[in-house]
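For reference, structure_19.csv is printed below; it contains CSV, C-alpha atoms.
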```csv
chain,number,residue,atom,x,y,z
A,302,MET,CA,21.4,81.6,153.7
A,303,THR,CA,21.3,85.0,151.9
A,304,ASP,CA,17.7,86.3,151.5
A,305,LEU,CA,18.0,88.1,148.2
A,306,ARG,CA,15.1,90.3,147.0
A,307,SER,CA,15.1,91.5,143.4
A,308,ASP,CA,12.5,94.1,144.2
A,309,ALA,CA,14.6,95.9,146.8
A,310,PRO,CA,16.8,98.8,145.7
A,311,ILE,CA,20.5,98.6,144.9
A,312,ALA,CA,23.1,99.7,147.5
A,313,LEU,CA,25.6,102.0,145.9
A,314,THR,CA,28.7,102.3,148.2
A,315,CYS,CA,30.4,105.7,148.4
A,316,GLY,CA,33.9,104.5,147.6
A,317,GLU,CA,36.8,106.9,148.2
A,318,PRO,CA,35.3,110.3,149.0
A,319,ALA,CA,38.2,112.3,147.6
A,320,GLY,CA,37.7,110.7,144.2
A,321,ILE,CA,34.9,111.2,141.6
A,322,GLY,CA,32.4,108.9,143.4
A,323,PRO,CA,30.3,111.7,144.9
A,324,GLU,CA,29.8,113.3,141.5
A,325,LEU,CA,29.1,109.9,139.9
A,326,ALA,CA,26.3,109.0,142.4
A,327,VAL,CA,24.5,112.3,141.7
A,328,ALA,CA,25.0,112.1,137.9
A,329,ALA,CA,23.8,108.5,137.8
A,330,ARG,CA,20.6,109.3,139.6
A,331,ALA,CA,20.0,112.2,137.2
A,332,ARG,CA,20.5,110.1,134.2
A,333,LEU,CA,18.5,107.1,135.4
A,334,GLY,CA,15.6,108.9,136.9
A,335,GLY,CA,13.6,106.3,138.7
A,336,SER,CA,14.2,103.5,136.2
A,337,VAL,CA,16.8,101.7,138.5
A,338,PRO,CA,16.0,102.3,142.2
A,339,PHE,CA,19.1,102.7,144.3
A,340,PHE,CA,20.5,104.5,147.2
A,341,LEU,CA,23.9,105.9,148.1
A,342,LEU,CA,25.4,104.6,151.3
A,343,GLY,CA,27.8,107.3,152.5
A,344,ASP,CA,28.1,110.8,154.1
A,345,PRO,CA,25.7,113.3,152.5
A,346,ARG,CA,28.1,116.1,153.4
A,347,HIS,CA,30.5,114.7,150.8
A,348,LEU,CA,28.2,115.2,147.9
A,349,PRO,CA,28.3,118.3,145.6
A,350,ALA,CA,26.7,121.3,147.4
A,351,ASP,CA,24.1,121.8,144.7
A,352,ALA,CA,23.0,118.2,144.6
A,353,ASP,CA,19.3,117.3,145.2
A,354,ILE,CA,19.5,114.6,147.9
A,355,VAL,CA,16.9,112.9,150.1
A,356,GLU,CA,18.2,111.4,153.3
A,357,ILE,CA,16.4,108.1,154.1
A,358,ALA,CA,16.2,106.0,157.2
A,359,HIS,CA,15.8,102.6,155.5
A,360,PRO,CA,16.5,101.3,151.9
A,361,SER,CA,12.8,100.6,151.4
A,362,GLU,CA,12.3,104.4,151.2
A,363,ALA,CA,14.7,104.8,148.2
A,364,PRO,CA,12.3,104.0,145.2
A,365,ALA,CA,9.8,106.7,146.2
A,366,ALA,CA,12.6,109.2,147.1
A,367,MET,CA,14.3,109.0,143.7
A,368,ALA,CA,11.7,111.3,142.2
A,369,ARG,CA,12.9,114.1,144.5
A,370,GLY,CA,16.6,113.5,144.5
A,371,LEU,CA,19.4,111.0,145.3
A,372,PRO,CA,18.4,108.8,148.2
A,373,VAL,CA,21.2,108.7,150.8
A,374,LEU,CA,21.4,106.3,153.7
A,375,SER,CA,23.7,108.3,155.9
A,376,HIS,CA,27.0,106.9,157.1
A,377,ASP,CA,28.8,109.7,158.9
A,378,PHE,CA,32.6,110.2,158.3
A,379,ASP,CA,34.8,112.1,160.7
A,380,SER,CA,35.9,114.9,158.4
A,381,PRO,CA,34.9,116.7,155.2
A,382,ARG,CA,35.8,115.6,151.7
A,383,VAL,CA,38.8,117.2,150.0
A,384,PRO,CA,38.6,116.4,146.3
A,385,GLY,CA,41.8,114.9,145.0
A,386,THR,CA,43.3,114.4,148.5
A,387,PRO,CA,42.4,111.2,150.4
A,388,GLN,CA,42.0,111.7,154.2
A,389,THR,CA,43.6,109.0,156.4
A,390,ASP,CA,40.6,109.1,158.8
A,391,HIS,CA,38.2,108.3,156.0
A,392,ALA,CA,39.7,104.8,155.4
A,393,ALA,CA,38.0,102.9,158.2
A,394,HIS,CA,34.6,104.5,157.2
A,395,VAL,CA,35.0,103.5,153.6
A,396,ILE,CA,35.6,99.9,154.7
A,397,ALA,CA,32.6,100.1,157.1
A,398,VAL,CA,30.4,101.2,154.3
A,399,ILE,CA,31.3,98.2,152.2
A,400,GLU,CA,30.6,95.9,155.3
A,401,ARG,CA,27.3,97.6,155.9
A,402,ALA,CA,26.3,97.2,152.2
A,403,VAL,CA,27.0,93.4,152.4
A,404,SER,CA,24.9,93.2,155.5
A,405,LEU,CA,22.0,95.0,153.8
A,406,VAL,CA,22.1,92.7,150.8
A,407,GLN,CA,22.4,89.6,152.9
A,408,THR,CA,19.2,90.5,154.9
A,409,GLY,CA,17.3,91.4,151.7
A,410,ALA,CA,17.1,95.2,152.4
A,411,ALA,CA,19.1,95.6,149.2
A,412,SER,CA,18.9,93.5,146.0
A,413,ALA,CA,22.5,94.0,144.9
A,414,ILE,CA,25.7,96.0,145.6
A,415,CYS,CA,27.3,98.5,143.2
A,416,THR,CA,30.6,99.8,144.5
A,417,LEU,CA,32.1,103.2,143.6
A,418,PRO,CA,35.9,103.2,143.3
A,419,ILE,CA,38.1,102.9,146.3
A,420,HIS,CA,41.8,103.8,146.7
A,421,LYS,CA,43.6,100.8,148.0
A,422,GLN,CA,46.7,102.7,149.0
A,423,ALA,CA,44.6,105.1,151.1
A,424,LEU,CA,42.8,102.2,152.8
A,425,ALA,CA,46.1,100.4,153.5
A,426,GLU,CA,47.7,103.4,155.0
A,427,GLY,CA,44.7,104.6,156.9
A,428,ALA,CA,43.2,101.3,158.1
A,429,GLY,CA,45.7,98.5,157.4
A,430,PHE,CA,43.5,97.2,154.5
A,431,ALA,CA,45.3,94.0,153.4
A,432,PHE,CA,43.2,92.9,150.5
A,433,PRO,CA,44.2,93.5,146.8
A,434,GLY,CA,40.8,95.2,146.2
A,435,HIS,CA,37.1,95.2,146.4
A,436,THR,CA,36.7,91.8,144.9
A,437,GLU,CA,38.8,89.9,147.4
A,438,PHE,CA,37.3,91.8,150.3
A,439,LEU,CA,33.8,91.0,149.3
A,440,GLY,CA,34.7,87.4,149.0
A,441,HIS,CA,36.1,87.5,152.5
A,442,LEU,CA,32.9,89.2,153.8
A,443,ALA,CA,30.7,86.6,152.0
A,444,GLY,CA,32.7,83.7,153.3
A,445,VAL,CA,33.7,82.3,149.9
A,446,ASP,CA,37.1,81.1,149.1
A,447,GLU,CA,37.3,81.9,145.4
A,448,VAL,CA,35.7,84.8,143.4
A,449,VAL,CA,36.2,85.8,139.8
A,450,MET,CA,36.4,89.2,138.2
A,451,MET,CA,34.4,89.7,135.0
A,452,LEU,CA,34.4,92.8,132.8
A,453,ALA,CA,31.1,93.0,130.9
A,454,SER,CA,29.6,95.2,128.2
A,455,ASP,CA,27.0,94.8,125.5
A,456,GLN,CA,29.8,93.8,123.1
A,457,LEU,CA,31.9,91.5,125.2
A,458,ARG,CA,32.2,89.6,128.5
A,459,VAL,CA,35.7,88.6,129.6
A,460,VAL,CA,37.2,86.9,132.6
A,461,PRO,CA,41.0,87.0,133.4
A,462,ILE,CA,42.3,83.9,135.2
A,463,THR,CA,45.2,85.8,136.8
A,464,ILE,CA,44.7,89.4,137.6
A,465,HIS,CA,47.0,91.8,139.5
A,466,ILE,CA,50.3,90.1,139.2
A,467,ALA,CA,53.4,90.9,137.2
A,468,LEU,CA,53.5,89.5,133.7
A,469,ASP,CA,56.6,87.4,134.5
A,470,ALA,CA,54.7,85.6,137.3
A,471,VAL,CA,51.7,84.6,135.2
A,472,ALA,CA,53.0,81.3,133.9
A,473,ARG,CA,53.9,80.2,137.4
A,474,ALA,CA,50.5,81.2,138.8
A,475,LEU,CA,48.6,79.5,136.0
A,476,THR,CA,48.0,76.1,137.5
A,477,PRO,CA,45.4,73.5,136.5
A,478,ALA,CA,43.6,73.9,139.8
A,479,LEU,CA,43.3,77.7,139.4
A,480,LEU,CA,42.1,77.4,135.8
A,481,GLU,CA,39.5,74.8,136.7
A,482,THR,CA,38.2,76.6,139.7
A,483,ARG,CA,37.7,79.9,137.8
A,484,LEU,CA,36.2,78.2,134.8
A,485,ARG,CA,33.7,76.4,137.1
A,486,ILE,CA,32.7,79.7,138.8
A,487,THR,CA,32.4,81.4,135.4
A,488,HIS,CA,30.2,78.6,134.0
A,489,ALA,CA,28.0,78.6,137.1
A,490,ALA,CA,27.5,82.4,137.0
A,491,MET,CA,26.7,82.4,133.4
A,492,ILE,CA,23.8,80.0,134.1
A,493,GLY,CA,22.7,81.3,137.5
A,494,GLN,CA,23.2,85.1,137.2
A,495,PHE,CA,23.2,85.8,133.4
A,496,GLY,CA,20.4,83.2,132.7
A,497,ILE,CA,22.3,81.4,129.8
A,498,PRO,CA,21.5,77.7,130.3
A,499,ALA,CA,24.3,76.4,128.1
A,500,PRO,CA,27.0,79.0,128.1
A,501,ARG,CA,29.6,79.0,125.3
A,502,ILE,CA,33.0,79.8,126.8
A,503,ALA,CA,36.0,80.7,124.7
A,504,VAL,CA,39.4,80.2,126.4
A,505,ALA,CA,42.5,81.9,125.3
A,506,GLY,CA,46.0,80.4,125.2
A,507,LEU,CA,48.7,82.0,127.2
A,508,ASN,CA,51.4,82.2,124.5
A,509,PRO,CA,51.4,83.8,121.0
A,510,HIS,CA,49.4,81.6,118.6
A,511,ALA,CA,48.3,79.5,121.6
A,512,GLY,CA,51.8,78.1,121.8
A,513,GLU,CA,52.0,76.9,118.2
A,514,GLY,CA,52.0,73.2,119.1
A,515,GLY,CA,54.7,73.7,121.8
A,516,ARG,CA,57.1,75.7,119.7
A,517,MET,CA,56.3,79.0,121.7
A,518,GLY,CA,55.5,77.6,125.1
A,519,ARG,CA,53.9,74.5,126.5
A,520,GLU,CA,51.3,75.9,128.9
A,521,GLU,CA,48.6,75.2,126.3
A,522,ILE,CA,49.6,71.6,126.1
A,523,GLU,CA,50.4,70.9,129.7
A,524,VAL,CA,48.0,73.1,131.6
A,525,ILE,CA,45.1,74.5,129.6
A,526,ALA,CA,44.1,71.8,127.2
A,527,PRO,CA,43.9,69.0,129.8
A,528,VAL,CA,41.6,71.1,132.0
A,529,LEU,CA,39.4,71.9,129.1
A,530,GLU,CA,39.2,68.3,128.1
A,531,ARG,CA,38.2,67.2,131.6
A,532,LEU,CA,35.5,69.9,131.9
A,533,ARG,CA,34.2,69.2,128.4
A,534,ALA,CA,33.6,65.6,129.5
A,535,GLU,CA,31.3,67.0,132.1
A,536,GLY,CA,29.3,68.8,129.5
A,537,MET,CA,30.7,72.3,129.5
A,538,ASP,CA,30.9,74.0,126.1
A,539,LEU,CA,34.5,75.2,126.1
A,540,ARG,CA,36.3,76.4,122.9
A,541,GLY,CA,40.1,76.6,122.9
A,542,PRO,CA,42.8,77.2,123.8
A,543,ILE,CA,42.4,79.9,121.1
A,544,SER,CA,45.1,82.3,120.0
A,545,ALA,CA,44.3,85.6,121.8
A,546,ASP,CA,45.1,87.7,118.7
A,547,THR,CA,42.1,86.2,116.8
A,548,MET,CA,39.4,85.6,119.4
A,549,PHE,CA,38.2,89.1,119.9
A,550,HIS,CA,37.3,90.3,116.4
A,551,ALA,CA,33.6,90.8,115.6
A,552,ALA,CA,32.9,87.5,113.8
A,553,THR,CA,34.5,85.4,116.5
A,554,ARG,CA,32.7,87.1,119.3
A,555,THR,CA,29.4,86.0,117.9
A,556,GLY,CA,30.4,82.4,118.7
A,557,TYR,CA,30.7,82.6,122.5
A,558,ASP,CA,29.0,84.1,125.5
A,559,VAL,CA,32.1,84.9,127.6
A,560,ALA,CA,35.9,84.9,126.9
A,561,VAL,CA,38.3,83.6,129.4
A,562,ALA,CA,41.8,85.1,129.2
A,563,MET,CA,45.0,84.1,131.0
A,564,TYR,CA,46.1,87.5,132.4
A,565,HIS,CA,45.0,91.0,133.1
A,566,ASP,CA,45.8,92.9,129.9
A,567,GLN,CA,44.9,90.0,127.6
A,568,ALA,CA,41.4,90.4,129.0
A,569,LEU,CA,41.1,94.1,129.6
A,570,ILE,CA,42.6,95.6,126.5
A,571,PRO,CA,39.9,94.2,124.2
A,572,ILE,CA,36.9,95.3,126.3
A,573,LYS,CA,38.4,98.7,127.0
A,574,THR,CA,39.1,99.2,123.3
A,575,LEU,CA,35.6,98.0,122.2
A,576,ASP,CA,33.6,99.8,124.9
A,577,PHE,CA,35.7,101.8,127.3
A,578,ASP,CA,32.9,103.9,128.8
A,579,ARG,CA,30.3,101.1,129.2
A,580,GLY,CA,32.5,98.4,130.7
A,581,VAL,CA,31.2,97.0,134.1
A,582,ASN,CA,33.1,95.0,136.7
A,583,VAL,CA,31.1,92.1,137.9
A,584,THR,CA,32.2,89.8,140.8
A,585,LEU,CA,31.3,86.1,140.1
A,586,GLY,CA,31.1,83.5,142.8
A,587,LEU,CA,29.5,85.7,145.5
A,588,PRO,CA,26.1,84.7,147.0
A,589,PHE,CA,24.8,88.1,145.9
A,590,VAL,CA,25.2,90.5,142.9
A,591,ARG,CA,28.0,93.0,142.9
A,592,THR,CA,28.9,95.3,140.1
A,593,SER,CA,31.2,98.3,139.8
A,594,PRO,CA,32.2,100.9,137.2
A,595,ASP,CA,35.3,99.9,135.3
A,596,HIS,CA,37.6,102.8,136.3
A,597,GLY,CA,39.3,104.3,139.3
A,598,THR,CA,39.0,107.3,141.6
A,599,ALA,CA,40.3,109.9,139.0
A,600,PHE,CA,41.7,112.2,141.6
A,601,ASP,CA,42.8,114.6,138.9
A,602,ILE,CA,39.2,115.6,138.0
A,603,ALA,CA,37.5,115.0,141.3
A,604,GLY,CA,35.3,118.0,142.3
A,605,THR,CA,35.3,119.5,138.8
A,606,GLY,CA,31.9,118.1,137.7
A,607,THR,CA,33.4,116.6,134.6
A,608,ALA,CA,33.4,112.9,135.5
A,609,ASN,CA,31.6,110.6,133.0
A,610,PRO,CA,28.9,108.6,134.8
A,611,THR,CA,28.3,106.2,132.0
A,612,SER,CA,30.1,103.2,133.5
A,613,THR,CA,28.3,103.8,136.8
A,614,VAL,CA,25.0,103.9,135.1
A,615,GLU,CA,25.7,100.7,133.2
A,616,ALA,CA,26.9,99.1,136.5
A,617,LEU,CA,23.6,100.0,138.2
A,618,ARG,CA,21.6,98.8,135.2
A,619,LEU,CA,23.5,95.5,135.1
A,620,ALA,CA,23.1,95.0,138.8
A,621,ALA,CA,19.3,95.4,138.5
A,622,ARG,CA,19.2,92.9,135.6
A,623,LEU,CA,21.3,90.3,137.4
A,624,ALA,CA,19.3,90.7,140.6
A,625,GLY,CA,16.2,90.2,138.7
A,626,GLY,CA,17.6,87.1,137.0
A,627,ALA,CA,17.8,88.7,133.5
A,628,GLY,CA,21.5,89.2,132.8
```
I need this file expressed as structure tokens, please.
Amino acid sequence: MTDLRSDAPIALTCGEPAGIGPELAVAARARLGGSVPFFLLGDPRHLPADADIVEIAHPSEAPAAMARGLPVLSHDFDSPRVPGTPQTDHAAHVIAVIERAVSLVQTGAASAICTLPIHKQALAEGAGFAFPGHTEFLGHLAGVDEVVMMLASDQLRVVPITIHIALDAVARALTPALLETRLRITHAAMIGQFGIPAPRIAVAGLNPHAGEGGRMGREEIEVIAPVLERLRAEGMDLRGPISADTMFHAATRTGYDVAVAMYHDQALIPIKTLDFDRGVNVTLGLPFVRTSPDHGTAFDIAGTGTANPTSTVEALRLAARLAGGAG
């Protein structure tokens, strides 16, 4: 059983060293001060040369250390960081850092995990990483069969049912079993992590105008509606299927706590349009809290000091709130 402690600091994993992660870690600590205790798990030699850092021996030292600099729990890599150029020999260490963070949160030494961006191609080429991304790897480490990706900001929370697949494969992948499982995980997380006892969940249709009664597709009739009806009978507050072109405007958003979309862009375009810098990736279905900034490694600006830490700051803040049971 995972021994979660909301008073422990957050473990911030280093992610891909060649990306903007090192700058983001330093900038996030500068912006947050000591308001959200966290520590970086990674190689201190990869951080900007002028950064104020405090190497710690145990996560419990992080809260006090934050007044003096970025607390770093050292995980030595084999070679230096080259901004913008991933190193093959870094891959195994990036994976080991994630594994170590999971161990720390499972033992209660960390209250939550916040992950800086990884580069999946670099991990695959350097260490045979076979997972689609952080989300699936964390599910594997936690021993859970299904996890769900949520993107969250103050203006919108949204969950895509299918994620990183081609658009022409979405209809085939959208099965009643998949939809039901991910709705159940979302519903449970809204109660257990976000503290909403009776979450209102809006569910998009797949087709334009939610299929228009079958004239523009039958997935709403044959797949989505039957699942919603079955789960409503259990007491879930599910609205839909709703036409996706009307469910994200301001007035409609006041009527639900989370929107469930059928595919990647249907979910991510609205939140990135509404609140690009403050969007946070949250993994639902894990036995611990995991958040992440909603962007990638940005190799083109790595090492320039121009990376915007806002999403990382928001990810750390949300991790702290969720770990404390106040989502």
Per-residue nearest contacts of stretch 433-478 of chain A to stretch 409-420 of chain A (12 Å; all atoms listed in the file) as JSON lines:
```
{"residue": "A:Pro433", "atom": "CA", "partner": "A:His420", "partner_atom": "CA", "distance": 10.6}
{"residue": "A:Gly434", "atom": "CA", "partner": "A:Ile419", "partner_atom": "CA", "distance": 8.2}
{"residue": "A:His435", "atom": "CA", "partner": "A:Ile419", "partner_atom": "CA", "distance": 7.8}
{"residue": "A:Thr436", "atom": "CA", "partner": "A:Thr416", "partner_atom": "CA", "distance": 10.1}
{"residue": "A:Phe438", "atom": "CA", "partner": "A:Ile419", "partner_atom": "CA", "distance": 11.8}
{"residue": "A:Leu439", "atom": "CA", "partner": "A:Ile414", "partner_atom": "CA", "distance": 10.2}
```
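Atom CA of A:Ser544 is found 5.9 Å from atom CA of A:Ala505.
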In terms of only C-alpha atoms, the residue from A:Leu585, A:Leu468, A:Val559, A:Val355 at minimal distance from A:Val448 is A:Leu585
Stretch 317-328 of chain A environment, 6 Å, only C-alpha atoms, sequence neighbours closer than 4 positions dropped, as JSON, numbers by chain
{"A": [348, 382, 383, 384, 385, 386, 387, 417, 419, 598, 599, 600, 603, 610]}
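The residue that comes closest to A:Ala526, out of A:Ser612, A:Ser336, A:Thr607, A:Thr476 and on the basis of only C-alpha atoms, is A:Thr476.
In this comparison, which uses only C-alpha atoms, the residue of A:Asp377, A:Asp446, A:Asp469, A:Asp455 approaching A:Arg483 most closely is A:Asp446.
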